[in-house]
file work-v2.txt (compact mmCIF, N, CA and C atoms)
# COMPACT_ATOMS: atom_id res chain seq x y z
N MET A 104 -23.11 20.05 -21.72
CA MET A 104 -22.03 19.08 -21.76
C MET A 104 -22.18 18.10 -20.59
N ALA A 105 -22.13 16.83 -20.87
CA ALA A 105 -22.30 15.81 -19.84
C ALA A 105 -21.01 15.61 -19.05
N ARG A 106 -21.17 15.35 -17.77
CA ARG A 106 -20.02 15.06 -16.93
C ARG A 106 -19.62 13.61 -17.07
N VAL A 107 -18.34 13.37 -17.08
CA VAL A 107 -17.83 12.01 -17.16
C VAL A 107 -17.39 11.59 -15.77
N LYS A 108 -17.95 10.49 -15.27
CA LYS A 108 -17.57 10.01 -13.95
C LYS A 108 -16.29 9.19 -14.07
N THR A 109 -15.45 9.33 -13.11
CA THR A 109 -14.21 8.56 -13.07
C THR A 109 -14.05 7.96 -11.68
N SER A 110 -13.33 6.89 -11.58
CA SER A 110 -13.12 6.27 -10.27
C SER A 110 -11.95 6.91 -9.53
N TYR A 111 -11.35 7.94 -10.14
CA TYR A 111 -10.21 8.59 -9.51
C TYR A 111 -10.67 9.37 -8.30
N LYS A 112 -10.06 9.14 -7.17
CA LYS A 112 -10.46 9.79 -5.93
C LYS A 112 -9.64 11.06 -5.70
N ARG A 113 -10.27 12.02 -5.09
CA ARG A 113 -9.59 13.26 -4.74
C ARG A 113 -8.73 13.03 -3.51
N ILE A 114 -7.81 13.93 -3.26
CA ILE A 114 -6.96 13.84 -2.09
C ILE A 114 -7.81 14.06 -0.84
N ASP A 115 -7.71 13.16 0.10
CA ASP A 115 -8.36 13.33 1.39
C ASP A 115 -7.30 13.79 2.38
N TRP A 116 -7.15 15.08 2.52
CA TRP A 116 -6.09 15.66 3.33
C TRP A 116 -6.17 15.22 4.78
N ASN A 117 -7.36 14.90 5.27
CA ASN A 117 -7.52 14.48 6.66
C ASN A 117 -7.02 13.06 6.91
N GLU A 118 -6.93 12.27 5.88
CA GLU A 118 -6.50 10.87 6.03
C GLU A 118 -5.08 10.61 5.51
N LEU A 119 -4.47 11.59 4.91
CA LEU A 119 -3.14 11.44 4.33
C LEU A 119 -2.11 11.09 5.41
N PHE A 120 -1.34 10.04 5.20
CA PHE A 120 -0.25 9.56 6.07
C PHE A 120 -0.73 8.99 7.40
N LYS A 121 -2.02 8.81 7.60
CA LYS A 121 -2.52 8.23 8.84
C LYS A 121 -2.51 6.72 8.74
N ILE A 122 -2.27 6.08 9.85
CA ILE A 122 -2.28 4.61 9.90
C ILE A 122 -3.64 4.17 10.43
N ARG A 123 -4.38 3.45 9.60
CA ARG A 123 -5.68 2.93 9.99
C ARG A 123 -5.53 1.44 10.28
N LEU A 124 -6.23 0.97 11.28
CA LEU A 124 -6.19 -0.43 11.65
C LEU A 124 -7.35 -1.18 11.00
N ALA A 125 -7.07 -2.34 10.47
CA ALA A 125 -8.12 -3.17 9.88
C ALA A 125 -8.90 -3.89 10.97
N SER A 126 -8.22 -4.19 12.07
CA SER A 126 -8.84 -4.93 13.16
C SER A 126 -8.13 -4.59 14.46
N SER A 127 -8.85 -4.67 15.57
CA SER A 127 -8.23 -4.43 16.87
C SER A 127 -7.80 -5.73 17.54
N ASP A 128 -7.88 -6.82 16.81
CA ASP A 128 -7.50 -8.14 17.31
C ASP A 128 -5.99 -8.17 17.60
N PRO A 129 -5.59 -8.64 18.78
CA PRO A 129 -4.16 -8.71 19.12
C PRO A 129 -3.33 -9.56 18.16
N SER A 130 -3.97 -10.47 17.42
CA SER A 130 -3.22 -11.29 16.47
C SER A 130 -2.73 -10.45 15.29
N MET A 131 -3.22 -9.23 15.15
CA MET A 131 -2.84 -8.34 14.05
C MET A 131 -1.69 -7.40 14.43
N ASP A 132 -1.10 -7.59 15.60
CA ASP A 132 -0.04 -6.68 16.07
C ASP A 132 1.11 -6.56 15.08
N LYS A 133 1.64 -7.69 14.65
CA LYS A 133 2.78 -7.66 13.73
C LYS A 133 2.39 -7.03 12.39
N HIS A 134 1.21 -7.33 11.92
CA HIS A 134 0.68 -6.75 10.69
C HIS A 134 0.66 -5.22 10.79
N ASP A 135 0.15 -4.72 11.91
CA ASP A 135 0.04 -3.26 12.08
C ASP A 135 1.40 -2.60 12.24
N ILE A 136 2.31 -3.27 12.89
CA ILE A 136 3.67 -2.72 13.05
C ILE A 136 4.36 -2.65 11.69
N ILE A 137 4.22 -3.69 10.89
CA ILE A 137 4.81 -3.70 9.54
C ILE A 137 4.21 -2.59 8.70
N LYS A 138 2.91 -2.41 8.80
CA LYS A 138 2.24 -1.36 8.04
C LYS A 138 2.77 0.03 8.46
N LEU A 139 2.91 0.25 9.74
CA LEU A 139 3.45 1.52 10.24
C LEU A 139 4.88 1.74 9.75
N MET A 140 5.72 0.72 9.85
CA MET A 140 7.11 0.85 9.43
C MET A 140 7.22 1.05 7.92
N LEU A 141 6.34 0.41 7.17
CA LEU A 141 6.34 0.55 5.72
C LEU A 141 6.01 1.98 5.32
N VAL A 142 4.99 2.57 5.93
CA VAL A 142 4.63 3.96 5.64
C VAL A 142 5.78 4.89 6.01
N ARG A 143 6.38 4.66 7.18
CA ARG A 143 7.50 5.49 7.61
C ARG A 143 8.68 5.39 6.65
N LYS A 144 8.97 4.19 6.18
CA LYS A 144 10.10 4.01 5.25
C LYS A 144 9.82 4.66 3.89
N ILE A 145 8.58 4.57 3.43
CA ILE A 145 8.23 5.24 2.17
C ILE A 145 8.41 6.75 2.32
N LEU A 146 7.92 7.29 3.42
CA LEU A 146 8.05 8.73 3.65
C LEU A 146 9.52 9.14 3.75
N TRP A 147 10.31 8.34 4.43
CA TRP A 147 11.73 8.66 4.57
C TRP A 147 12.46 8.57 3.23
N ASN A 148 12.14 7.55 2.46
CA ASN A 148 12.79 7.34 1.18
C ASN A 148 12.47 8.47 0.18
N HIS A 149 11.30 9.06 0.33
CA HIS A 149 10.86 10.13 -0.57
C HIS A 149 10.74 11.47 0.16
N ARG A 150 11.55 11.68 1.17
CA ARG A 150 11.43 12.87 2.01
C ARG A 150 11.64 14.18 1.26
N LYS A 151 12.41 14.18 0.20
CA LYS A 151 12.66 15.41 -0.56
C LYS A 151 11.49 15.77 -1.47
N SER A 152 10.63 14.81 -1.73
CA SER A 152 9.48 15.08 -2.59
C SER A 152 8.17 14.75 -1.88
N ARG A 153 8.12 14.96 -0.59
CA ARG A 153 6.95 14.60 0.23
C ARG A 153 5.67 15.29 -0.24
N ASN A 154 5.79 16.48 -0.79
CA ASN A 154 4.61 17.21 -1.26
C ASN A 154 3.93 16.52 -2.44
N PHE A 155 4.63 15.60 -3.08
CA PHE A 155 4.08 14.89 -4.23
C PHE A 155 3.55 13.50 -3.87
N LEU A 156 3.54 13.17 -2.58
CA LEU A 156 3.15 11.83 -2.15
C LEU A 156 1.74 11.79 -1.59
N ARG A 157 1.08 10.68 -1.83
CA ARG A 157 -0.18 10.36 -1.18
C ARG A 157 -0.04 8.95 -0.64
N ILE A 158 -0.23 8.81 0.65
CA ILE A 158 -0.16 7.49 1.27
C ILE A 158 -1.39 7.32 2.16
N TYR A 159 -2.13 6.25 1.89
CA TYR A 159 -3.29 5.92 2.69
C TYR A 159 -3.18 4.47 3.13
N THR A 160 -3.78 4.15 4.26
CA THR A 160 -3.82 2.76 4.71
C THR A 160 -5.27 2.29 4.72
N GLU A 161 -5.46 0.98 4.55
CA GLU A 161 -6.78 0.37 4.44
C GLU A 161 -7.60 1.11 3.39
N PHE A 162 -7.03 1.18 2.18
CA PHE A 162 -7.58 1.98 1.10
C PHE A 162 -8.41 1.14 0.14
N ASP A 163 -9.61 1.60 -0.16
CA ASP A 163 -10.51 0.92 -1.09
C ASP A 163 -10.10 1.25 -2.52
N LEU A 164 -9.79 0.23 -3.31
CA LEU A 164 -9.30 0.43 -4.67
C LEU A 164 -10.40 0.48 -5.72
N ASP A 165 -11.64 0.42 -5.33
CA ASP A 165 -12.79 0.46 -6.25
C ASP A 165 -12.87 -0.76 -7.17
N ASN A 166 -12.11 -1.79 -6.90
CA ASN A 166 -12.22 -3.02 -7.70
C ASN A 166 -12.53 -4.22 -6.79
N GLY A 167 -13.10 -3.93 -5.64
CA GLY A 167 -13.44 -4.98 -4.69
C GLY A 167 -12.31 -5.31 -3.73
N LEU A 168 -11.19 -4.63 -3.85
CA LEU A 168 -10.04 -4.89 -2.99
C LEU A 168 -9.78 -3.71 -2.06
N ILE A 169 -9.28 -4.02 -0.89
CA ILE A 169 -8.81 -2.99 0.04
C ILE A 169 -7.37 -3.34 0.34
N CYS A 170 -6.46 -2.45 -0.06
CA CYS A 170 -5.04 -2.73 0.19
C CYS A 170 -4.63 -2.15 1.54
N ASP A 171 -3.56 -2.70 2.10
CA ASP A 171 -3.09 -2.24 3.41
C ASP A 171 -2.44 -0.86 3.31
N VAL A 172 -1.59 -0.67 2.31
CA VAL A 172 -0.94 0.63 2.11
C VAL A 172 -1.06 0.99 0.63
N TYR A 173 -1.56 2.19 0.38
CA TYR A 173 -1.71 2.71 -0.98
C TYR A 173 -0.77 3.89 -1.11
N PHE A 174 0.09 3.85 -2.11
CA PHE A 174 1.13 4.87 -2.29
C PHE A 174 1.05 5.45 -3.69
N GLU A 175 0.92 6.76 -3.77
CA GLU A 175 0.95 7.48 -5.05
C GLU A 175 2.11 8.45 -5.03
N ASN A 176 2.86 8.46 -6.11
CA ASN A 176 3.90 9.46 -6.29
C ASN A 176 3.48 10.32 -7.49
N MET A 177 3.03 11.52 -7.20
CA MET A 177 2.54 12.41 -8.25
C MET A 177 3.66 12.87 -9.19
N LYS A 178 4.87 12.90 -8.68
CA LYS A 178 6.01 13.35 -9.48
C LYS A 178 6.37 12.33 -10.56
N THR A 179 6.42 11.06 -10.18
CA THR A 179 6.80 10.01 -11.11
C THR A 179 5.59 9.32 -11.75
N LYS A 180 4.39 9.67 -11.29
CA LYS A 180 3.14 9.11 -11.80
C LYS A 180 3.07 7.59 -11.62
N GLU A 181 3.47 7.13 -10.44
CA GLU A 181 3.40 5.71 -10.13
C GLU A 181 2.51 5.48 -8.91
N VAL A 182 1.85 4.34 -8.91
CA VAL A 182 1.00 3.93 -7.80
C VAL A 182 1.40 2.52 -7.40
N ILE A 183 1.46 2.29 -6.08
CA ILE A 183 1.77 0.96 -5.57
C ILE A 183 0.78 0.63 -4.46
N ALA A 184 0.20 -0.55 -4.53
CA ALA A 184 -0.67 -1.05 -3.47
C ALA A 184 0.09 -2.18 -2.77
N TYR A 185 0.28 -2.05 -1.47
CA TYR A 185 0.94 -3.08 -0.68
C TYR A 185 -0.12 -3.89 0.05
N GLU A 186 0.04 -5.19 0.03
CA GLU A 186 -0.83 -6.08 0.79
C GLU A 186 0.02 -6.89 1.75
N VAL A 187 -0.19 -6.68 3.04
CA VAL A 187 0.54 -7.38 4.10
C VAL A 187 -0.33 -8.54 4.56
N GLN A 188 0.19 -9.75 4.45
CA GLN A 188 -0.56 -10.95 4.81
C GLN A 188 0.21 -11.80 5.80
N LYS A 189 -0.51 -12.35 6.76
CA LYS A 189 0.13 -13.21 7.75
C LYS A 189 0.81 -14.38 7.06
N SER A 190 0.14 -14.95 6.12
CA SER A 190 0.73 -15.97 5.26
C SER A 190 -0.18 -16.06 4.04
N TYR A 191 0.40 -16.43 2.94
CA TYR A 191 -0.44 -16.59 1.76
C TYR A 191 -0.04 -17.82 0.99
N THR A 192 -1.02 -18.34 0.28
CA THR A 192 -0.82 -19.55 -0.50
C THR A 192 -0.62 -19.17 -1.97
N LYS A 193 -0.24 -20.15 -2.76
CA LYS A 193 -0.09 -19.92 -4.20
C LYS A 193 -1.44 -19.56 -4.81
N ALA A 194 -2.51 -20.17 -4.29
CA ALA A 194 -3.86 -19.89 -4.80
C ALA A 194 -4.24 -18.43 -4.51
N TRP A 195 -3.95 -17.96 -3.28
CA TRP A 195 -4.25 -16.56 -2.94
C TRP A 195 -3.44 -15.62 -3.81
N LEU A 196 -2.16 -15.93 -3.98
CA LEU A 196 -1.28 -15.10 -4.81
C LEU A 196 -1.77 -15.05 -6.25
N LYS A 197 -2.19 -16.19 -6.78
CA LYS A 197 -2.71 -16.24 -8.15
C LYS A 197 -4.00 -15.44 -8.27
N ASP A 198 -4.88 -15.56 -7.28
CA ASP A 198 -6.15 -14.83 -7.28
C ASP A 198 -5.90 -13.32 -7.25
N ARG A 199 -5.01 -12.88 -6.38
CA ARG A 199 -4.71 -11.44 -6.29
C ARG A 199 -4.02 -10.93 -7.55
N ALA A 200 -3.13 -11.71 -8.10
CA ALA A 200 -2.46 -11.31 -9.34
C ALA A 200 -3.49 -11.11 -10.45
N GLU A 201 -4.49 -11.98 -10.48
CA GLU A 201 -5.56 -11.85 -11.49
C GLU A 201 -6.38 -10.58 -11.26
N LYS A 202 -6.67 -10.28 -9.99
CA LYS A 202 -7.46 -9.09 -9.68
C LYS A 202 -6.70 -7.79 -9.97
N TYR A 203 -5.39 -7.82 -9.77
CA TYR A 203 -4.57 -6.63 -10.01
C TYR A 203 -4.07 -6.52 -11.46
N LYS A 204 -4.29 -7.57 -12.25
CA LYS A 204 -3.74 -7.63 -13.61
C LYS A 204 -4.12 -6.41 -14.46
N ASP A 205 -5.36 -6.04 -14.45
CA ASP A 205 -5.82 -4.93 -15.28
C ASP A 205 -6.06 -3.66 -14.47
N TRP A 206 -5.49 -3.59 -13.28
CA TRP A 206 -5.69 -2.44 -12.41
C TRP A 206 -4.97 -1.22 -12.98
N GLU A 207 -5.72 -0.17 -13.18
CA GLU A 207 -5.14 1.08 -13.67
C GLU A 207 -5.69 2.22 -12.82
N VAL A 208 -4.87 3.25 -12.66
CA VAL A 208 -5.30 4.45 -11.96
C VAL A 208 -5.22 5.59 -12.96
N PRO A 209 -6.34 6.28 -13.18
CA PRO A 209 -6.32 7.38 -14.15
C PRO A 209 -5.25 8.42 -13.81
N LEU A 210 -4.61 8.94 -14.82
CA LEU A 210 -3.57 9.97 -14.73
C LEU A 210 -2.21 9.45 -14.29
N PHE A 211 -2.07 8.14 -14.08
CA PHE A 211 -0.80 7.57 -13.65
C PHE A 211 -0.26 6.62 -14.71
N LYS A 212 1.07 6.55 -14.80
CA LYS A 212 1.73 5.68 -15.79
C LYS A 212 1.68 4.22 -15.37
N THR A 213 1.97 3.97 -14.09
CA THR A 213 2.02 2.58 -13.61
C THR A 213 1.18 2.41 -12.37
N ALA A 214 0.64 1.20 -12.21
CA ALA A 214 -0.09 0.81 -11.01
C ALA A 214 0.32 -0.63 -10.72
N ASP A 215 1.06 -0.82 -9.65
CA ASP A 215 1.57 -2.14 -9.28
C ASP A 215 1.09 -2.52 -7.89
N TRP A 216 1.22 -3.80 -7.58
CA TRP A 216 0.93 -4.24 -6.22
C TRP A 216 2.08 -5.09 -5.73
N ILE A 217 2.31 -5.03 -4.45
CA ILE A 217 3.41 -5.78 -3.84
C ILE A 217 2.86 -6.53 -2.63
N PRO A 218 2.89 -7.86 -2.67
CA PRO A 218 2.47 -8.64 -1.49
C PRO A 218 3.64 -8.78 -0.51
N ILE A 219 3.34 -8.68 0.76
CA ILE A 219 4.36 -8.84 1.80
C ILE A 219 3.92 -9.99 2.70
N ASN A 220 4.75 -11.02 2.78
CA ASN A 220 4.45 -12.21 3.56
C ASN A 220 5.07 -12.08 4.95
N LEU A 221 4.22 -12.03 5.97
CA LEU A 221 4.72 -11.89 7.34
C LEU A 221 5.45 -13.13 7.83
N ASN A 222 5.27 -14.28 7.18
CA ASN A 222 6.01 -15.47 7.57
C ASN A 222 7.51 -15.29 7.32
N ASP A 223 7.87 -14.44 6.36
CA ASP A 223 9.28 -14.20 6.06
C ASP A 223 9.87 -13.08 6.92
N CYS A 224 9.04 -12.43 7.70
CA CYS A 224 9.46 -11.26 8.47
C CYS A 224 10.25 -11.66 9.72
N PRO A 225 11.39 -10.99 9.96
CA PRO A 225 12.13 -11.25 11.19
C PRO A 225 11.36 -10.78 12.44
N GLU A 226 11.87 -11.09 13.60
CA GLU A 226 11.19 -10.74 14.84
C GLU A 226 11.67 -9.42 15.45
N LYS A 227 12.94 -9.10 15.28
CA LYS A 227 13.50 -7.90 15.92
C LYS A 227 13.28 -6.67 15.04
N ILE A 228 13.01 -5.55 15.68
CA ILE A 228 12.69 -4.31 14.97
C ILE A 228 13.79 -3.89 14.01
N ASP A 229 15.05 -3.93 14.42
CA ASP A 229 16.13 -3.51 13.53
C ASP A 229 16.25 -4.43 12.32
N GLU A 230 15.98 -5.73 12.51
CA GLU A 230 16.01 -6.67 11.40
C GLU A 230 14.81 -6.45 10.46
N ILE A 231 13.66 -6.13 11.05
CA ILE A 231 12.47 -5.83 10.24
C ILE A 231 12.73 -4.61 9.38
N ASN A 232 13.36 -3.61 9.97
CA ASN A 232 13.68 -2.38 9.25
C ASN A 232 14.53 -2.66 8.01
N LYS A 233 15.53 -3.50 8.15
CA LYS A 233 16.38 -3.88 7.01
C LYS A 233 15.60 -4.74 6.01
N TRP A 234 14.79 -5.65 6.51
CA TRP A 234 14.01 -6.55 5.67
C TRP A 234 13.02 -5.78 4.80
N LEU A 235 12.43 -4.72 5.32
CA LEU A 235 11.45 -3.93 4.56
C LEU A 235 12.06 -3.16 3.40
N GLU A 236 13.36 -2.96 3.42
CA GLU A 236 14.03 -2.21 2.34
C GLU A 236 13.74 -2.81 0.96
N GLN A 237 13.59 -4.13 0.89
CA GLN A 237 13.36 -4.78 -0.40
C GLN A 237 12.02 -4.41 -1.02
N TYR A 238 11.10 -3.87 -0.23
CA TYR A 238 9.78 -3.54 -0.74
C TYR A 238 9.59 -2.07 -1.08
N ILE A 239 10.57 -1.25 -0.76
CA ILE A 239 10.47 0.20 -1.00
C ILE A 239 10.96 0.52 -2.41
N VAL A 240 10.11 1.21 -3.15
CA VAL A 240 10.44 1.60 -4.52
C VAL A 240 10.88 3.04 -4.53
call {"tool": "encode", "arguments": {"input": "work-v2.txt", "output": "structure tokens"}}
result
Amino acid sequence: MARVKTSYKRIDWNELFKIRLASSDPSMDKHDIIKLMLVRKILWNHRKSRNFLRIYTEFDLDNGLICDVYFENMKTKEVIAYEVQKSYTKAWLKDRAEKYKDWEVPLFKTADWIPINLNDCPEKIDEINKWLEQYIV
């Protein structure tokens, strides 16, 4: 019997819930803080079902894209890729929407992506915390 290869990745227990940096450039400070707060908020929002969650940062999606935060909920069979951008244009948004249009993850019902524009982000931590609520599913 031949084996069927799939792009579905196994759980990497050593990388689960860790925050990886895309760059050590100081201009990425706000980006990294948002990424950290986003992971923390996802974990807090799903704290009762944490055993069913997979969250990775700087995750390779096997379609040429690397998302900032990758979130899987095994209980609800949903996947969300978050992309945090300093600023984005309509052309970038259209390009990413096209790349994510046919994105599917085996064994999951839904696979969505959510862009986060840092230009809309407040400056104070407590305001950022409230602002991020709109992106948590």
call {"tool": "atom_distance", "arguments": {"input": "work-v2.txt", "atom1": "atom C of A:Leu235", "atom2": "atom N of A:Ile145"}}
result
8.5 Å
call {"tool": "select_by_dssp", "arguments": {"input": "work-v2.txt", "residues": "chain A", "states": "helix (DSSP H, G or I)", "output": "ChimeraX atom specification"}}
result
/A:129-148,150-155,193-203,221-223,228-238
call {"tool": "residues_around", "arguments": {"input": "work-v2.txt", "residues": "A:Glu161", "least_positions_apart": "2", "cutoff": "8 Å", "atoms": "all atoms listed in the file", "output": "CSV table (one decimal) with N, CA and C atoms, keeping the file's coordinate frame"}}
result
chain,number,residue,atom,x,y,z
A,121,LYS,N,-2.0,8.8,7.6
A,121,LYS,CA,-2.5,8.2,8.8
A,121,LYS,C,-2.5,6.7,8.7
A,122,ILE,N,-2.3,6.1,9.8
A,122,ILE,CA,-2.3,4.6,9.9
A,122,ILE,C,-3.6,4.2,10.4
A,123,ARG,N,-4.4,3.4,9.6
A,123,ARG,CA,-5.7,2.9,10.0
A,123,ARG,C,-5.5,1.4,10.3
A,124,LEU,N,-6.2,1.0,11.3
A,124,LEU,CA,-6.2,-0.4,11.6
A,124,LEU,C,-7.4,-1.2,11.0
A,125,ALA,N,-7.1,-2.3,10.5
A,125,ALA,CA,-8.1,-3.2,9.9
A,125,ALA,C,-8.9,-3.9,11.0
A,158,ILE,N,-0.2,8.8,0.6
A,158,ILE,CA,-0.2,7.5,1.3
A,158,ILE,C,-1.4,7.3,2.2
A,159,TYR,N,-2.1,6.2,1.9
A,159,TYR,CA,-3.3,5.9,2.7
A,159,TYR,C,-3.2,4.5,3.1
A,163,ASP,N,-9.6,1.6,-0.2
A,163,ASP,CA,-10.5,0.9,-1.1
A,163,ASP,C,-10.1,1.2,-2.5
A,164,LEU,N,-9.8,0.2,-3.3
A,164,LEU,CA,-9.3,0.4,-4.7
A,164,LEU,C,-10.4,0.5,-5.7
A,168,LEU,N,-11.2,-4.6,-3.8
A,168,LEU,CA,-10.0,-4.9,-3.0
A,168,LEU,C,-9.8,-3.7,-2.1
A,169,ILE,N,-9.3,-4.0,-0.9
A,169,ILE,CA,-8.8,-3.0,0.0
A,169,ILE,C,-7.4,-3.3,0.3
A,170,CYS,N,-6.5,-2.4,-0.1
A,170,CYS,CA,-5.0,-2.7,0.2
A,170,CYS,C,-4.6,-2.2,1.5
A,171,ASP,N,-3.6,-2.7,2.1
A,171,ASP,CA,-3.1,-2.2,3.4
A,171,ASP,C,-2.4,-0.9,3.3
A,172,VAL,N,-1.6,-0.7,2.3
A,172,VAL,CA,-0.9,0.6,2.1
A,172,VAL,C,-1.1,1.0,0.6
A,173,TYR,N,-1.6,2.2,0.4
A,173,TYR,CA,-1.7,2.7,-1.0
A,173,TYR,C,-0.8,3.9,-1.1
call {"tool": "atom_distance", "arguments": {"input": "work-v2.txt", "atom1": "atom C of A:Asn154", "atom2": "atom CA of A:Leu210"}}
result
15.8 Å
call {"tool": "select_by_dssp", "arguments": {"input": "work-v2.txt", "residues": "chain A", "states": "strand (DSSP E)", "output": "PyMOL selection string"}}
result
chain A and resi 156-163+169-176+181-188+213-220
call {"tool": "closest_residue", "arguments": {"input": "work-v2.txt", "among": "A:Val182, A:Tyr191, A:Phe120, A:Ile231", "to": "A:Ile137", "atoms": "all atoms listed in the file"}}
result
A:Ile231
call {"tool": "closest_residue", "arguments": {"input": "work-v2.txt", "among": "A:Asp198, A:Asp135, A:Asp215, A:Glu207", "to": "A:Tyr185", "atoms": "only N, CA and C atoms"}}
result
A:Asp215
call {"tool": "decode", "arguments": {"input": "work-v2.txt", "residues": "stretch 165-214 of chain A", "atoms": "C-alpha atoms", "output": "PDB file, in the first residue's frame"}}
result
ATOM      1  CA  ASP A 165       3.426  25.549   2.916  1.00  0.00           C
ATOM      2  CA  ASN A 166       1.934  27.901   0.320  1.00  0.00           C
ATOM      3  CA  GLY A 167       4.825  30.344   0.189  1.00  0.00           C
ATOM      4  CA  LEU A 168       3.523  32.380   3.121  1.00  0.00           C
ATOM      5  CA  ILE A 169       4.751  32.710   6.677  1.00  0.00           C
ATOM      6  CA  CYS A 170       2.113  34.061   9.034  1.00  0.00           C
ATOM      7  CA  ASP A 171       2.912  35.890  12.264  1.00  0.00           C
ATOM      8  CA  VAL A 172       0.532  33.856  14.438  1.00  0.00           C
ATOM      9  CA  TYR A 173      -0.964  30.495  13.485  1.00  0.00           C
ATOM     10  CA  PHE A 174      -3.877  29.303  15.616  1.00  0.00           C
ATOM     11  CA  GLU A 175      -5.569  25.896  15.495  1.00  0.00           C
ATOM     12  CA  ASN A 176      -8.516  24.919  17.630  1.00  0.00           C
ATOM     13  CA  MET A 177      -8.794  21.136  17.506  1.00  0.00           C
ATOM     14  CA  LYS A 178     -12.138  21.205  19.311  1.00  0.00           C
ATOM     15  CA  THR A 179     -13.921  23.460  16.820  1.00  0.00           C
ATOM     16  CA  LYS A 180     -11.754  22.420  13.838  1.00  0.00           C
ATOM     17  CA  GLU A 181     -10.885  25.993  12.907  1.00  0.00           C
ATOM     18  CA  VAL A 182      -7.588  27.524  11.828  1.00  0.00           C
ATOM     19  CA  ILE A 183      -6.693  31.205  11.757  1.00  0.00           C
ATOM     20  CA  ALA A 184      -3.529  32.801  10.392  1.00  0.00           C
ATOM     21  CA  TYR A 185      -2.841  36.310  11.676  1.00  0.00           C
ATOM     22  CA  GLU A 186      -0.619  38.680   9.732  1.00  0.00           C
ATOM     23  CA  VAL A 187       0.613  41.746  11.618  1.00  0.00           C
ATOM     24  CA  GLN A 188       1.813  44.487   9.268  1.00  0.00           C
ATOM     25  CA  LYS A 189       3.271  47.902   9.984  1.00  0.00           C
ATOM     26  CA  SER A 190       1.050  49.224   7.240  1.00  0.00           C
ATOM     27  CA  TYR A 191      -0.507  47.682   4.217  1.00  0.00           C
ATOM     28  CA  THR A 192      -1.859  48.882   0.932  1.00  0.00           C
ATOM     29  CA  LYS A 193      -4.930  47.805  -0.996  1.00  0.00           C
ATOM     30  CA  ALA A 194      -2.603  46.021  -3.426  1.00  0.00           C
ATOM     31  CA  TRP A 195      -0.958  44.039  -0.589  1.00  0.00           C
ATOM     32  CA  LEU A 196      -4.359  43.201   0.877  1.00  0.00           C
ATOM     33  CA  LYS A 197      -5.638  42.051  -2.521  1.00  0.00           C
ATOM     34  CA  ASP A 198      -2.506  39.947  -3.108  1.00  0.00           C
ATOM     35  CA  ARG A 199      -2.786  38.253   0.296  1.00  0.00           C
ATOM     36  CA  ALA A 200      -6.510  37.658  -0.114  1.00  0.00           C
ATOM     37  CA  GLU A 201      -5.743  35.903  -3.401  1.00  0.00           C
ATOM     38  CA  LYS A 202      -3.044  33.748  -1.780  1.00  0.00           C
ATOM     39  CA  TYR A 203      -5.313  32.778   1.124  1.00  0.00           C
ATOM     40  CA  LYS A 204      -8.410  32.287  -1.069  1.00  0.00           C
ATOM     41  CA  ASP A 205      -7.970  28.556  -1.578  1.00  0.00           C
ATOM     42  CA  TRP A 206      -6.032  27.898   1.629  1.00  0.00           C
ATOM     43  CA  GLU A 207      -7.202  24.733   3.323  1.00  0.00           C
ATOM     44  CA  VAL A 208      -5.831  22.739   6.227  1.00  0.00           C
ATOM     45  CA  PRO A 209      -6.513  19.004   6.160  1.00  0.00           C
ATOM     46  CA  LEU A 210      -8.849  17.758   8.911  1.00  0.00           C
ATOM     47  CA  PHE A 211     -10.186  21.262   9.653  1.00  0.00           C
ATOM     48  CA  LYS A 212     -13.548  22.813   8.711  1.00  0.00           C
ATOM     49  CA  THR A 213     -12.346  26.386   8.268  1.00  0.00           C
ATOM     50  CA  ALA A 214      -9.069  28.143   7.511  1.00  0.00           C
TER      51      ALA A 214
END
